[in-house]
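Novice: Next up, data_39.tsv (TSV, C-alpha atoms and all ligand atoms).
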```tsv
chain	number	residue	atom	x	y	z
X	1229	MET	CA	11.32	110.70	23.84
X	1230	ASP	CA	14.55	112.38	22.76
X	1231	ALA	CA	14.92	115.16	20.21
X	1232	THR	CA	15.01	112.70	17.30
X	1233	GLY	CA	11.87	110.94	18.48
X	1234	LEU	CA	13.79	107.67	18.24
X	1235	ARG	CA	14.81	106.88	21.81
X	1236	SER	CA	14.80	103.12	22.21
X	1237	ALA	CA	12.68	101.40	24.83
X	1238	GLY	CA	15.42	99.23	26.27
X	1239	GLY	CA	18.26	98.97	23.79
X	1240	ARG	CA	21.82	100.06	24.28
X	1241	GLY	CA	24.26	101.85	22.09
X	1242	GLY	CA	27.32	103.91	22.64
X	1243	SER	CA	30.24	105.85	21.41
X	1244	PRO	CA	33.60	104.18	20.84
X	1245	GLY	CA	34.87	102.64	24.06
X	1246	THR	CA	38.30	102.10	25.46
X	1247	GLY	CA	38.05	98.78	27.29
X	1248	THR	CA	39.30	95.45	26.07
X	1249	GLY	CA	37.00	92.41	26.00
X	1250	VAL	CA	37.54	89.95	28.84
X	1251	ILE	CA	35.59	86.74	29.22
X	1252	ALA	CA	34.12	87.52	32.63
X	1253	GLY	CA	31.84	84.51	33.03
X	1254	TRP	CA	30.74	81.37	31.27
X	1255	GLY	CA	28.02	78.75	31.48
X	1256	THR	CA	26.63	75.73	29.68
X	1257	ALA	CA	23.33	73.89	29.42
X	1258	LEU	CA	22.44	70.41	28.22
X	1259	PRO	CA	19.02	68.80	27.93
X	1260	PRO	CA	18.45	65.89	30.33
X	1261	ARG	CA	17.83	63.09	27.79
X	1262	VAL	CA	20.97	61.05	27.05
X	1263	VAL	CA	21.19	59.09	23.79
X	1264	THR	CA	24.06	56.60	23.85
X	1265	ASN	CA	25.61	54.85	20.88
X	1266	ARG	CA	23.92	51.69	22.11
X	1267	HIS	CA	20.52	53.41	21.87
X	1268	LEU	CA	21.28	54.21	18.22
X	1269	GLU	CA	22.22	50.60	17.49
X	1270	ALA	CA	18.59	49.70	18.16
X	1271	PHE	CA	17.23	51.43	15.07
X	1272	LEU	CA	20.22	52.23	12.84
X	1273	ASP	CA	22.62	50.02	10.89
X	1274	THR	CA	25.54	51.11	13.04
X	1275	SER	CA	27.45	50.04	16.14
X	1276	ASP	CA	28.87	51.53	19.29
X	1277	ALA	CA	32.31	50.35	18.17
X	1278	TRP	CA	32.06	52.05	14.76
X	1279	ILE	CA	30.82	55.36	16.15
X	1280	THR	CA	33.39	55.46	18.94
X	1281	GLU	CA	36.28	54.52	16.69
X	1282	ARG	CA	35.35	56.72	13.72
X	1283	THR	CA	34.16	59.80	15.65
X	1284	GLY	CA	35.14	59.65	19.35
X	1285	ILE	CA	31.49	60.22	20.31
X	1286	ARG	CA	29.89	57.92	22.93
X	1287	ARG	CA	26.70	59.76	23.79
X	1288	ARG	CA	24.87	63.00	23.12
X	1289	ARG	CA	22.04	64.97	24.77
X	1290	VAL	CA	18.74	65.63	23.05
X	1291	GLY	CA	15.75	67.87	23.74
X	1292	GLY	CA	14.53	71.31	24.74
X	1293	THR	CA	14.34	74.39	22.58
X	1294	THR	CA	17.23	76.53	21.44
X	1295	ALA	CA	15.92	79.48	23.49
X	1296	GLU	CA	15.57	77.37	26.67
X	1297	LEU	CA	19.11	76.03	26.38
X	1298	ALA	CA	20.57	79.41	25.43
X	1299	ALA	CA	18.82	81.17	28.31
X	1300	GLU	CA	19.99	78.57	30.83
X	1301	ALA	CA	23.62	78.81	29.67
X	1302	GLY	CA	23.33	82.61	29.58
X	1303	ARG	CA	21.84	82.79	33.07
X	1304	ILE	CA	24.76	80.77	34.46
X	1305	ALA	CA	27.34	82.87	32.57
X	1306	ILE	CA	25.87	86.15	33.83
X	1307	ALA	CA	25.78	84.91	37.43
X	1308	HIS	CA	29.30	83.53	37.09
X	1309	ALA	CA	30.48	86.98	36.00
X	1310	GLY	CA	28.90	88.42	39.15
X	1311	LEU	CA	26.48	90.44	37.05
X	1312	HIS	CA	22.73	90.95	36.76
X	1313	PRO	CA	20.87	90.47	33.44
X	1314	SER	CA	20.20	94.23	33.40
X	1315	ASP	CA	23.98	94.74	33.06
X	1316	ILE	CA	23.99	93.04	29.63
X	1317	ASP	CA	23.90	95.36	26.62
X	1318	LEU	CA	23.34	92.77	23.91
X	1319	VAL	CA	22.49	89.09	23.48
X	1320	LEU	CA	24.29	87.69	20.44
X	1321	LEU	CA	23.02	84.18	19.78
X	1322	ALA	CA	24.94	81.99	17.34
X	1323	THR	CA	22.61	79.26	16.16
X	1324	THR	CA	21.84	77.29	13.05
X	1325	THR	CA	18.68	75.87	14.63
X	1326	PRO	CA	16.55	78.88	15.60
X	1327	ASP	CA	13.20	78.00	17.16
X	1328	ARG	CA	11.30	79.95	14.50
X	1329	ALA	CA	11.98	81.68	11.20
X	1330	VAL	CA	10.75	84.93	12.79
X	1331	PRO	CA	11.50	86.46	15.25
X	1332	ALA	CA	15.13	85.89	16.21
X	1333	THR	CA	15.49	83.28	18.95
X	1334	ALA	CA	17.76	85.77	20.76
X	1335	SER	CA	14.67	87.91	21.44
X	1336	GLU	CA	13.12	85.10	23.48
X	1337	VAL	CA	16.44	84.58	25.27
X	1338	GLN	CA	16.59	88.29	26.08
X	1339	ASP	CA	13.06	88.14	27.50
X	1340	ARG	CA	13.62	84.91	29.47
X	1341	LEU	CA	16.74	86.40	31.08
X	1342	GLY	CA	15.32	89.87	31.70
X	1343	VAL	CA	18.08	91.50	29.66
X	1344	ARG	CA	17.13	95.07	28.68
X	1345	GLY	CA	19.64	95.47	25.86
X	1346	GLY	CA	19.46	94.36	22.25
X	1347	ALA	CA	19.27	90.85	20.86
X	1348	CYS	CA	19.97	89.21	17.53
X	1349	ASP	CA	20.79	85.83	16.00
X	1350	LEU	CA	23.88	85.05	13.98
X	1351	ASN	CA	24.04	82.00	11.71
X	1352	ALA	CA	27.49	80.84	10.71
X	1353	ALA	CA	26.74	77.20	11.55
X	1354	CYS	CA	29.45	75.51	13.60
X	1355	SER	CA	31.74	78.55	13.24
X	1356	GLY	CA	29.02	80.76	14.73
X	1357	PHE	CA	30.33	81.16	18.26
X	1358	VAL	CA	33.77	82.33	17.12
X	1359	TYR	CA	32.10	84.67	14.62
X	1360	GLY	CA	29.99	85.97	17.51
X	1361	LEU	CA	32.94	86.44	19.82
X	1362	VAL	CA	34.85	88.45	17.20
X	1363	HIS	CA	31.75	90.58	16.54
X	1364	ALA	CA	31.33	91.13	20.28
X	1365	HIS	CA	34.91	92.40	20.57
X	1366	GLY	CA	34.10	94.86	17.78
X	1367	LEU	CA	30.94	96.02	19.57
X	1368	LEU	CA	32.89	96.63	22.78
X	1369	ALA	CA	35.27	98.78	20.74
X	1370	LEU	CA	32.17	100.73	19.64
X	1371	GLY	CA	31.10	101.39	23.20
X	1372	LEU	CA	29.03	98.46	24.47
X	1373	ARG	CA	30.11	97.28	27.91
X	1374	ARG	CA	28.90	93.69	28.12
X	1375	VAL	CA	27.81	91.30	25.41
X	1376	LEU	CA	26.37	87.87	26.16
X	1377	VAL	CA	27.67	85.63	23.37
X	1378	VAL	CA	25.81	82.33	23.19
X	1379	GLY	CA	26.12	79.28	20.98
X	1380	ALA	CA	22.98	77.16	21.26
X	1381	GLU	CA	21.54	74.38	19.13
X	1382	THR	CA	18.80	71.82	18.93
X	1383	MET	CA	20.36	69.88	16.10
X	1384	SER	CA	18.08	66.90	16.86
X	1385	ARG	CA	15.20	68.82	15.24
X	1386	ILE	CA	16.94	68.81	11.84
X	1387	ILE	CA	18.47	65.34	11.99
X	1388	ASP	CA	16.92	62.52	10.00
X	1389	GLY	CA	16.95	59.64	12.49
X	1390	THR	CA	17.22	57.13	9.64
X	1391	ASP	CA	20.38	58.70	8.17
X	1392	ARG	CA	23.23	56.94	9.93
X	1393	GLN	CA	25.80	59.41	8.62
X	1394	THR	CA	24.34	62.36	10.50
X	1395	ALA	CA	22.24	60.70	13.23
X	1396	VAL	CA	25.30	59.42	15.07
X	1397	LEU	CA	27.09	62.76	15.08
X	1398	PHE	CA	24.90	65.53	16.38
X	1399	GLY	CA	23.52	66.60	19.76
X	1400	ASP	CA	21.81	69.52	21.49
X	1401	GLY	CA	23.24	72.00	23.98
X	1402	ALA	CA	24.37	75.54	24.69
X	1403	GLY	CA	27.40	77.44	25.89
X	1404	ALA	CA	27.65	81.14	26.73
X	1405	VAL	CA	30.21	83.72	27.77
X	1406	VAL	CA	29.91	87.28	29.00
X	1407	LEU	CA	32.42	89.45	27.16
X	1408	GLU	CA	33.00	92.53	29.28
X	1409	ALA	CA	34.99	95.73	28.66
X	1410	ARG	CA	37.84	95.95	31.16
X	1411	ASP	CA	40.96	98.04	31.67
X	1412	ALA	CA	43.30	95.36	30.41
X	1413	PRO	CA	45.78	94.67	27.62
X	1414	PRO	CA	44.29	93.34	24.36
X	1415	THR	CA	42.87	89.83	24.57
X	1416	LEU	CA	41.84	89.18	20.95
X	1417	LEU	CA	45.29	88.99	19.40
X	1418	GLY	CA	44.42	87.68	15.95
X	1419	TRP	CA	41.39	86.35	14.12
X	1420	ASP	CA	40.21	85.03	10.79
X	1421	LEU	CA	36.65	84.62	9.51
X	1422	GLY	CA	35.93	82.91	6.21
X	1423	SER	CA	33.31	81.36	3.98
X	1424	GLU	CA	33.23	79.39	0.76
X	1425	GLY	CA	29.61	79.57	-0.32
X	1426	SER	CA	30.21	77.58	-3.49
X	1427	ALA	CA	30.59	74.49	-1.25
X	1428	ALA	CA	27.29	75.07	0.59
X	1429	GLY	CA	25.72	71.92	-0.82
X	1430	LEU	CA	28.11	69.69	1.12
X	1431	LEU	CA	26.26	70.30	4.37
X	1432	SER	CA	22.84	71.90	4.28
X	1433	ALA	CA	19.18	71.76	5.29
X	1434	GLU	CA	16.30	73.46	3.51
X	1435	ILE	CA	13.87	75.42	5.70
X	1436	GLY	CA	11.72	72.78	7.37
X	1437	GLY	CA	13.97	70.02	6.01
X	1438	MET	CA	16.61	67.67	7.36
X	1439	LEU	CA	20.39	68.06	7.36
X	1440	ARG	CA	22.19	66.38	4.44
X	1441	MET	CA	25.93	65.92	4.38
X	1442	ASP	CA	28.77	64.60	2.28
X	1443	GLY	CA	30.71	63.35	5.31
X	1444	PRO	CA	34.08	62.44	3.80
X	1445	GLU	CA	34.33	65.67	1.78
X	1446	VAL	CA	33.31	67.75	4.80
X	1447	PHE	CA	35.99	65.89	6.78
X	1448	ARG	CA	38.71	66.78	4.26
X	1449	ARG	CA	37.68	70.43	4.05
X	1450	ALA	CA	37.29	70.71	7.82
X	1451	VAL	CA	40.91	69.76	8.35
X	1452	ARG	CA	42.23	71.86	5.48
X	1453	THR	CA	40.29	75.05	6.22
X	1454	THR	CA	40.71	74.90	9.99
X	1455	VAL	CA	44.46	74.46	9.72
X	1456	GLY	CA	44.73	77.25	7.15
X	1457	SER	CA	42.55	79.61	9.15
X	1458	ALA	CA	44.33	78.84	12.43
X	1459	ARG	CA	47.68	79.58	10.81
X	1460	VAL	CA	46.40	82.94	9.55
X	1461	ALA	CA	45.04	83.89	12.98
X	1462	LEU	CA	48.27	82.78	14.69
X	1463	GLU	CA	50.35	84.80	12.27
X	1464	ARG	CA	48.18	87.88	12.75
X	1465	ALA	CA	48.53	87.43	16.50
X	1466	GLY	CA	52.29	86.97	16.28
X	1467	VAL	CA	51.91	83.72	18.22
X	1468	ARG	CA	53.61	80.38	17.51
X	1469	ALA	CA	51.50	77.23	17.66
X	1470	GLU	CA	53.85	75.73	20.23
X	1471	ASP	CA	53.18	78.66	22.58
X	1472	LEU	CA	49.46	77.88	22.79
X	1473	ALA	CA	48.38	76.58	26.19
X	1474	LEU	CA	45.04	75.36	24.84
X	1475	VAL	CA	43.26	74.76	21.54
X	1476	VAL	CA	39.47	74.76	21.59
X	1477	PRO	CA	38.44	73.21	18.28
X	1478	HIS	CA	34.95	72.67	16.97
X	1479	GLN	CA	33.79	69.34	18.36
X	1480	ALA	CA	32.79	67.43	15.21
X	1481	ASN	CA	34.94	64.32	15.18
X	1482	LEU	CA	37.96	63.35	17.29
X	1483	ARG	CA	39.78	62.26	14.11
X	1484	ILE	CA	39.34	65.77	12.68
X	1485	ILE	CA	40.65	67.31	15.92
X	1486	THR	CA	43.60	64.91	15.90
X	1487	ALA	CA	44.46	65.72	12.28
X	1488	ILE	CA	44.23	69.48	12.93
X	1489	CYS	CA	46.50	69.26	15.98
X	1490	GLU	CA	49.00	67.09	14.11
X	1491	ARG	CA	49.21	69.51	11.21
X	1492	LEU	CA	49.56	72.53	13.48
X	1493	GLY	CA	52.21	70.74	15.52
X	1494	ILE	CA	50.21	70.91	18.75
X	1495	PRO	CA	50.05	67.91	21.11
X	1496	LEU	CA	46.53	66.49	21.22
X	1497	GLU	CA	46.59	66.80	25.03
X	1498	ARG	CA	46.39	70.57	24.57
X	1499	ALA	CA	43.01	70.29	22.83
X	1500	ALA	CA	39.85	70.80	24.86
X	1501	THR	CA	37.28	68.15	24.03
X	1502	VAL	CA	33.75	67.44	25.21
X	1503	LEU	CA	32.41	65.63	22.14
X	1504	GLU	CA	32.63	62.19	23.76
X	1505	SER	CA	29.59	63.11	25.87
X	1506	THR	CA	27.93	65.82	23.75
X	1507	GLY	CA	28.39	64.86	20.10
X	1508	ASN	CA	28.63	67.70	17.61
X	1509	THR	CA	26.53	70.56	18.97
X	1510	SER	CA	27.42	72.95	16.13
X	1511	ALA	CA	27.67	76.55	17.41
X	1512	ALA	CA	27.47	75.35	21.03
X	1513	SER	CA	30.49	73.10	20.83
X	1514	ILE	CA	33.31	75.63	21.23
X	1515	PRO	CA	31.82	77.54	24.19
X	1516	MET	CA	30.98	74.24	25.90
X	1517	ALA	CA	34.54	72.95	25.44
X	1518	LEU	CA	35.97	76.31	26.55
X	1519	ALA	CA	33.80	76.37	29.66
X	1520	ALA	CA	34.75	72.79	30.55
X	1521	ALA	CA	38.45	73.63	30.19
X	1522	ALA	CA	38.09	76.75	32.34
X	1523	ASP	CA	36.08	74.87	34.99
X	1524	ASN	CA	38.72	72.15	35.07
X	1525	GLY	CA	41.49	74.66	35.78
X	1526	ARG	CA	43.09	74.28	32.36
X	1527	LEU	CA	43.29	78.06	31.82
X	1528	VAL	CA	45.44	80.41	33.85
X	1529	ASP	CA	45.98	84.14	33.59
X	1530	GLY	CA	48.02	85.00	30.50
X	1531	ASP	CA	47.52	81.71	28.66
X	1532	LEU	CA	47.35	81.82	24.87
X	1533	VAL	CA	44.28	80.06	23.50
X	1534	LEU	CA	43.22	79.22	19.96
X	1535	LEU	CA	39.51	78.85	19.16
X	1536	ALA	CA	38.99	77.19	15.79
X	1537	GLY	CA	35.62	76.48	14.17
X	1538	PHE	CA	34.44	75.21	10.81
X	1539	GLY	CA	31.11	74.13	9.45
X	1540	ALA	CA	28.29	74.56	6.99
X	1541	GLY	CA	28.70	77.38	4.55
X	1542	MET	CA	31.34	76.16	4.30
X	1543	SER	CA	32.41	78.58	6.99
X	1544	TRP	CA	35.43	78.85	9.25
X	1545	ALA	CA	36.53	81.07	12.10
X	1546	SER	CA	39.66	81.25	14.24
X	1547	ALA	CA	40.58	83.49	17.13
X	1548	VAL	CA	43.77	83.67	19.18
X	1549	LEU	CA	43.02	84.95	22.68
X	1550	ARG	CA	45.08	85.87	25.67
X	1551	TRP	CA	43.11	84.44	28.57
X	1552	LEU	CA	42.78	86.90	31.44
X	1553	ASP	CA	41.62	85.78	34.84
X	1554	PRO	CA	38.34	87.71	35.17
X	1555	GLY	CA	38.96	88.14	38.88
X	1556	ARG	CA	42.17	90.07	38.15
X	1557	ALA	CA	41.34	92.25	35.15
X	1558	GLN	CA	39.84	95.52	36.39
X	1559	ARG	CA	36.33	96.57	35.48
X	1560	THR	CA	36.21	99.87	33.58
X	1561	GLY	CA	34.28	103.07	34.13
X	1562	THR	CA	31.59	103.91	36.63
X	1563	ASN	CA	30.77	100.39	37.79
X	1564	GLY	CA	34.46	99.80	37.96
X	1565	ALA	CA	35.11	98.45	41.43
X	1566	PRO	CA	37.68	95.72	40.85
X	1567	ARG	CA	36.43	92.32	41.94
X	1601	LIG	N1	27.78	53.34	11.15
X	1601	LIG	C1	28.40	52.29	10.55
X	1601	LIG	N2	28.98	52.37	9.34
X	1601	LIG	C2	28.96	53.57	8.73
X	1601	LIG	C3	28.34	54.70	9.30
X	1601	LIG	C4	27.74	54.55	10.56
X	1601	LIG	N3	27.13	55.56	11.19
X	1601	LIG	N4	28.48	55.74	8.46
X	1601	LIG	C5	29.16	55.28	7.39
X	1601	LIG	N5	29.44	53.97	7.56
X	1601	LIG	C6	30.16	53.09	6.66
X	1601	LIG	C7	30.09	53.51	5.21
X	1601	LIG	O1	28.93	53.04	4.60
X	1601	LIG	C8	31.35	52.88	4.68
X	1601	LIG	O2	31.12	51.53	4.46
X	1601	LIG	P1	31.84	50.73	3.25
X	1601	LIG	O3	33.30	50.82	3.54
X	1601	LIG	O4	31.28	49.37	3.38
X	1601	LIG	O5	31.44	51.46	2.02
X	1601	LIG	C9	32.34	53.02	5.81
X	1601	LIG	O6	31.55	53.17	7.01
X	1601	LIG	C10	33.24	54.22	5.70
X	1601	LIG	O7	32.42	55.33	5.34
X	1601	LIG	P2	32.95	56.80	5.29
X	1601	LIG	O8	31.82	57.74	5.00
X	1601	LIG	O9	34.16	56.85	4.42
X	1601	LIG	O10	33.40	56.94	6.83
X	1601	LIG	P3	34.24	58.05	7.48
X	1601	LIG	O11	35.41	57.44	8.14
X	1601	LIG	O12	34.49	59.21	6.56
X	1601	LIG	O13	33.29	58.54	8.66
X	1601	LIG	C11	31.91	60.42	9.11
X	1601	LIG	C12	32.04	59.13	8.33
X	1601	LIG	C13	30.60	61.07	8.74
X	1601	LIG	C14	31.94	60.10	10.59
X	1601	LIG	C15	33.11	61.35	8.74
X	1601	LIG	O14	33.22	61.43	7.35
X	1601	LIG	C16	33.01	62.72	9.31
X	1601	LIG	O15	33.08	62.91	10.51
X	1601	LIG	N6	32.86	63.73	8.42
X	1601	LIG	C17	32.77	65.09	8.87
X	1601	LIG	C18	31.39	65.33	9.35
X	1601	LIG	C19	31.28	66.62	10.07
X	1601	LIG	O16	32.18	67.01	10.76
X	1601	LIG	N7	30.14	67.28	9.90
X	1601	LIG	C20	29.84	68.46	10.58
X	1601	LIG	C21	30.71	69.56	10.17
X	1601	LIG	S1	30.41	70.89	11.23
```
As structure tokens - that is how I would like this structure written.

Specialist:
Amino acid sequence: MDATGLRSAGGRGGSPGTGTGVIAGWGTALPPRVVTNRHLEAFLDTSDAWITERTGIRRRRVGGTTAELAAEAGRIAIAHAGLHPSDIDLVLLATTTPDRAVPATASEVQDRLGVRGGACDLNAACSGFVYGLVHAHGLLALGLRRVLVVGAETMSRIIDGTDRQTAVLFGDGAGAVVLEARDAPPTLLGWDLGSEGSAAGLLSAEIGGMLRMDGPEVFRRAVRTTVGSARVALERAGVRAEDLALVVPHQANLRIITAICERLGIPLERAATVLESTGNTSAASIPMALAAAADNGRLVDGDLVLLAGFGAGMSWASAVLRWLDPGRAQRTGTNGAPR
């Protein structure tokens, strides 16, 4: 026990640090059960053609718990970063589908992984991962060394299977990154977090209830707020849209992504998409699309990347990052042998 009598059992804190946050590793997890559009045709008044044409989604994955998926994605991300769970100072879990009301699902993730730092949930719906990433950058500035930022969802637990508007859209999954303090130039160049709580009724679920949505109005707002937020983040970053190597938008509907890219003046080919095979996985969608892009060699050292999320709240979040190759950016401080 320290002089204050308050020494924590396993948590981490710190005094303001000097490193910049580099995405040092990433990972994803999907449950094994695949639900195709054809499966949905069997019990909903819908069709594969309608879903594909109106959303771009062909299949989604369903099952597991949020903690299981988050821990699996987190385990892969930590290993990919060449780290051990004991190196992680904090698990920050963005989710809108926690496994319980109490405690935070992040606590189970922390235990499953063997992380000895802190853990908490963050709910900003589909914007949650970008909210989490911005928070993690702030925590590194306050002295933490490594934050595991996870977006994980089991949307299938709050979807009414008889509601064709929502049942065709959502899926389950998780994506995670390790944000690590490194001796490197700034990577978070500009960001914007927002919320319009007066519009909460457009997309909501009561505790224990099912998700209800005004699809067309959410569509309109998604395009408008994402474009507005992205422009603010780009301006703060001093980056022009045409200089972006990659856009990682929330994976809700390919028509929304197309409209956003058109309005920002970015060719659709520069957008990372996974929704065809995952559906809308809410807070998991951006880290899954980012991880897929990185795994497919679509990101090289120095690239400018825009992450852009929107969702229930209504909430929105944008971040302009300079992507640094984690193998090149030096680790800081005492564990600092460059990889
Ligand atoms: N299968 C078949 N027909 C469907 C359908 C479905 N799953 N859902 C709606 N329709 C029908 C409607 O009943 C309507 O029929 P009508 O013309 O005979 O009246 C027609 O398709 C068009 O409906 P509309 O709601 O205007 O379709 P849409 O093009 O807006 O697509 C969504 C519906 C839900 C796919 C779209 O509005 C959307 O993606 N909204 C955003 C949702 C979202 O992103 N939510 C999460 C935010 S994080």

Novice: Smallest atom-to-atom distance to Val1533 in chain X: which of X:Val1475, X:Leu1492, X:Ala1520, X:Ala1500, using all atoms listed in the file?

Specialist: X:Val1475

Novice: Which is closest to ligand LIG 1601 (chain X) among X:Ala1536, X:Ala1519, X:Ala1309, X:Ala1353, if we use only C-alpha atoms and all ligand atoms?

Specialist: X:Ala1353

Novice: Around ligand LIG 1601 (chain X), at most 8 Å away and counting all atoms listed in the file, which residues are there? Put them as a ChimeraX atom specification, please.

Specialist: /X:1272-1275,1278-1279,1282-1283,1353-1354,1392-1397,1431,1441-1448,1450,1478,1480-1481,1483-1484,1508,1510,1538-1540

Novice: Mind pulling up the distance from CA of Val1250 in chain X to CA of Leu1361 in chain X?

Specialist: 10.7 Å

Novice: May I ask for the distance between CA of Val1262 in chain X and CA of Gly1507 in chain X, given in Å to one decimal place?

Specialist: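 Distance between the two atoms: 10.9 Å.
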
Novice: Using only C-alpha atoms, which residue out of X:Thr1454, X:Thr1256, X:Ser1543, X:Ser1513 lies closest to Thr1486 in chain X?

Specialist: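 Checking each of X:Thr1454, X:Thr1256, X:Ser1543, X:Ser1513 against Thr1486 in chain X, counting only C-alpha atoms, the winner is X:Thr1454.
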
Novice: Under the rule that all atoms listed in the file are counted, which of X:Glu1434, X:Asp1315, X:Glu1497, X:Glu1470 is the nearest residue to Val1375 in chain X?

Specialist: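 The answer is X:Asp1315, which sits nearest to Val1375 in chain X.
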
Novice: May I ask which of the residues X:Pro1260, X:Pro1515, X:Pro1414, X:Pro1554 is the closest one to Gly1360 in chain X, counting all atoms listed in the file?

Specialist: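 Between X:Pro1260, X:Pro1515, X:Pro1414, X:Pro1554, the residue approaching Gly1360 in chain X most closely is X:Pro1515.
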
Novice: Go ahead and compute the interatomic distance for CA of Arg1266 in chain X and CA of Ala1517 in chain X, in Å to one decimal.

Specialist: 24.0 Å

Novice: Draw an axis-aligned box tight on the listed atoms of range 1505-1511 of chain X, then pad every side by 8 Å and write out centre and edge lengths in Å to one decimal as lines of an AutoDock Vina configuration file.

Specialist:
```
center_x = 28.1
center_y = 69.8
center_z = 21.0
size_x = 19.1
size_y = 29.4
size_z = 25.7
```

Novice: Can you work out which one of X:Thr1280, X:Ala1295, X:Ala1307, X:Leu1518 has the shortest atom-to-atom distance to Pro1331 in chain X, counting all atoms listed in the file?

Specialist: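 Checking each of X:Thr1280, X:Ala1295, X:Ala1307, X:Leu1518 against Pro1331 in chain X, counting all atoms listed in the file, the winner is X:Ala1295.
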
Novice: Which residues are near Ala1329 in chain X? Cut-off 12 Å, only C-alpha atoms, ignore same chain within fewer than 4 positions. Put them as a PyMOL selection string.

Specialist: chain X and resi 1323-1325+1333-1334+1349+1435-1436

Novice: Around the point (23.5, 70.3, 21.4), in the coordinates given by the file, pick out the residues reaching within 7 Å, counting only C-alpha atoms, and return them as a ChimeraX atom specification.

Specialist: /X:1258,1289-1290,1380-1383,1399-1402,1506,1508-1509,1512

Novice: Show me, as a Markdown table, the residues of range 1392-1508 of chain X having an atom within 10 Å of range 1368-1372 of chain X, each with the closest atom pair and its distance in Å, using all atoms listed in the file.

Specialist:
```
| residue | atom | partner | partner_atom | distance |
| --- | --- | --- | --- | --- |
| X:Leu1407 | CA | X:Leu1368 | CA | 8.4 |
| X:Glu1408 | CA | X:Leu1368 | CA | 7.7 |
| X:Ala1409 | CA | X:Leu1368 | CA | 6.3 |
| X:Arg1410 | CA | X:Leu1368 | CA | 9.8 |
```

Novice: Next, the residues of the selection above should be written as a PDB file, in the frame of the given file with C-alpha atoms.

Specialist:
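What ended up in result_17.pdb:
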```
ATOM      1  CA  LEU X1407      32.420  89.450  27.160  1.00  0.00           C
ATOM      2  CA  GLU X1408      33.000  92.530  29.280  1.00  0.00           C
ATOM      3  CA  ALA X1409      34.990  95.730  28.660  1.00  0.00           C
ATOM      4  CA  ARG X1410      37.840  95.950  31.160  1.00  0.00           C
TER       5      ARG X1410
END
```
